[in-house]
Amino acid sequence: MSVRPYLPCSEVIGFLADYIDRVLPPETIVEFERHLAVCASCVAYLASYKETIRAARIAEDVIADAPEELIEAILRSRLQ
Ligand SMILES: [Zn+2]
């Protein structure tokens with residue numbers, strides 16, 4: 001398999017979840033990080049993505065203790 005050139009942004013975005021879960025093959029991580037080194041918009045996207053995950057994990061902890069009506073109200077408000 002030949003080494004591919006820089007990934008396009010669309011592929012980098014597509015790999016984000018796998019990158020954060022550390023399930024990407026090493027050669028893909030190399031390409032991914034090479035792209036991040038030169039692409040500020042993907043770095044910014046990655047930062048906001050990580051923040052979203054962090055917020056979601058906090059929300060899961062809250063939801064575990066929250067009454068069902070509150071959860072439904074939150075979900076409704078997020079859809080608007
Ligand atoms: Zn990019």
# chains A, B, ... in the order shown; residues from 1 in each chain; ligands from 1

$ residues_around --residues "Cys39 in chain A" --least-positions-apart "3" --cutoff "12 Å" --atoms "only C-alpha atoms" --output "JSON, numbers by chain"
{"A": [6, 7, 8, 9, 10, 12, 13, 32, 33, 34, 35, 36, 42, 43, 44, 45, 46]}

$ select_by_dssp --residues "chain A" --states "alpha helix (DSSP H)" --output "number ranges by chain"
A: 9-20, 26-38, 40-65, 68-79

$ residues_around --residues "Leu75 in chain A" --least-positions-apart "5" --cutoff "12 Å" --atoms "only C-alpha atoms" --output "PyMOL selection string"
chain A and resi 59+63+68-70+80

$ atom_distance --atom1 "CA of Ile29 in chain A" --atom2 "CA of Leu16 in chain A"
10.2 Å

$ closest_residue --among "A:Ala64, A:Ala37, A:Ala47, A:Ile58" --to "Ile20 in chain A" --atoms "only C-alpha atoms"
A:Ala47

$ closest_residue --among "A:Val38, A:Ala73, A:Val30, A:Leu24" --to "ligand 1" --atoms "only C-alpha atoms and all ligand atoms"
A:Val38

$ closest_residue --among "A:Ala40, A:Ile74, A:Leu79, A:Ile53" --to "ligand 1" --atoms "only C-alpha atoms and all ligand atoms"
A:Ala40

$ closest_residue --among "A:Asp21, A:Glu31, A:Lys50, A:Ala56" --to "ligand 1" --atoms "only C-alpha atoms and all ligand atoms"
A:Glu31

$ atom_distance --atom1 "CA of Glu72 in chain A" --atom2 "CA of Tyr49 in chain A"
23.6 Å
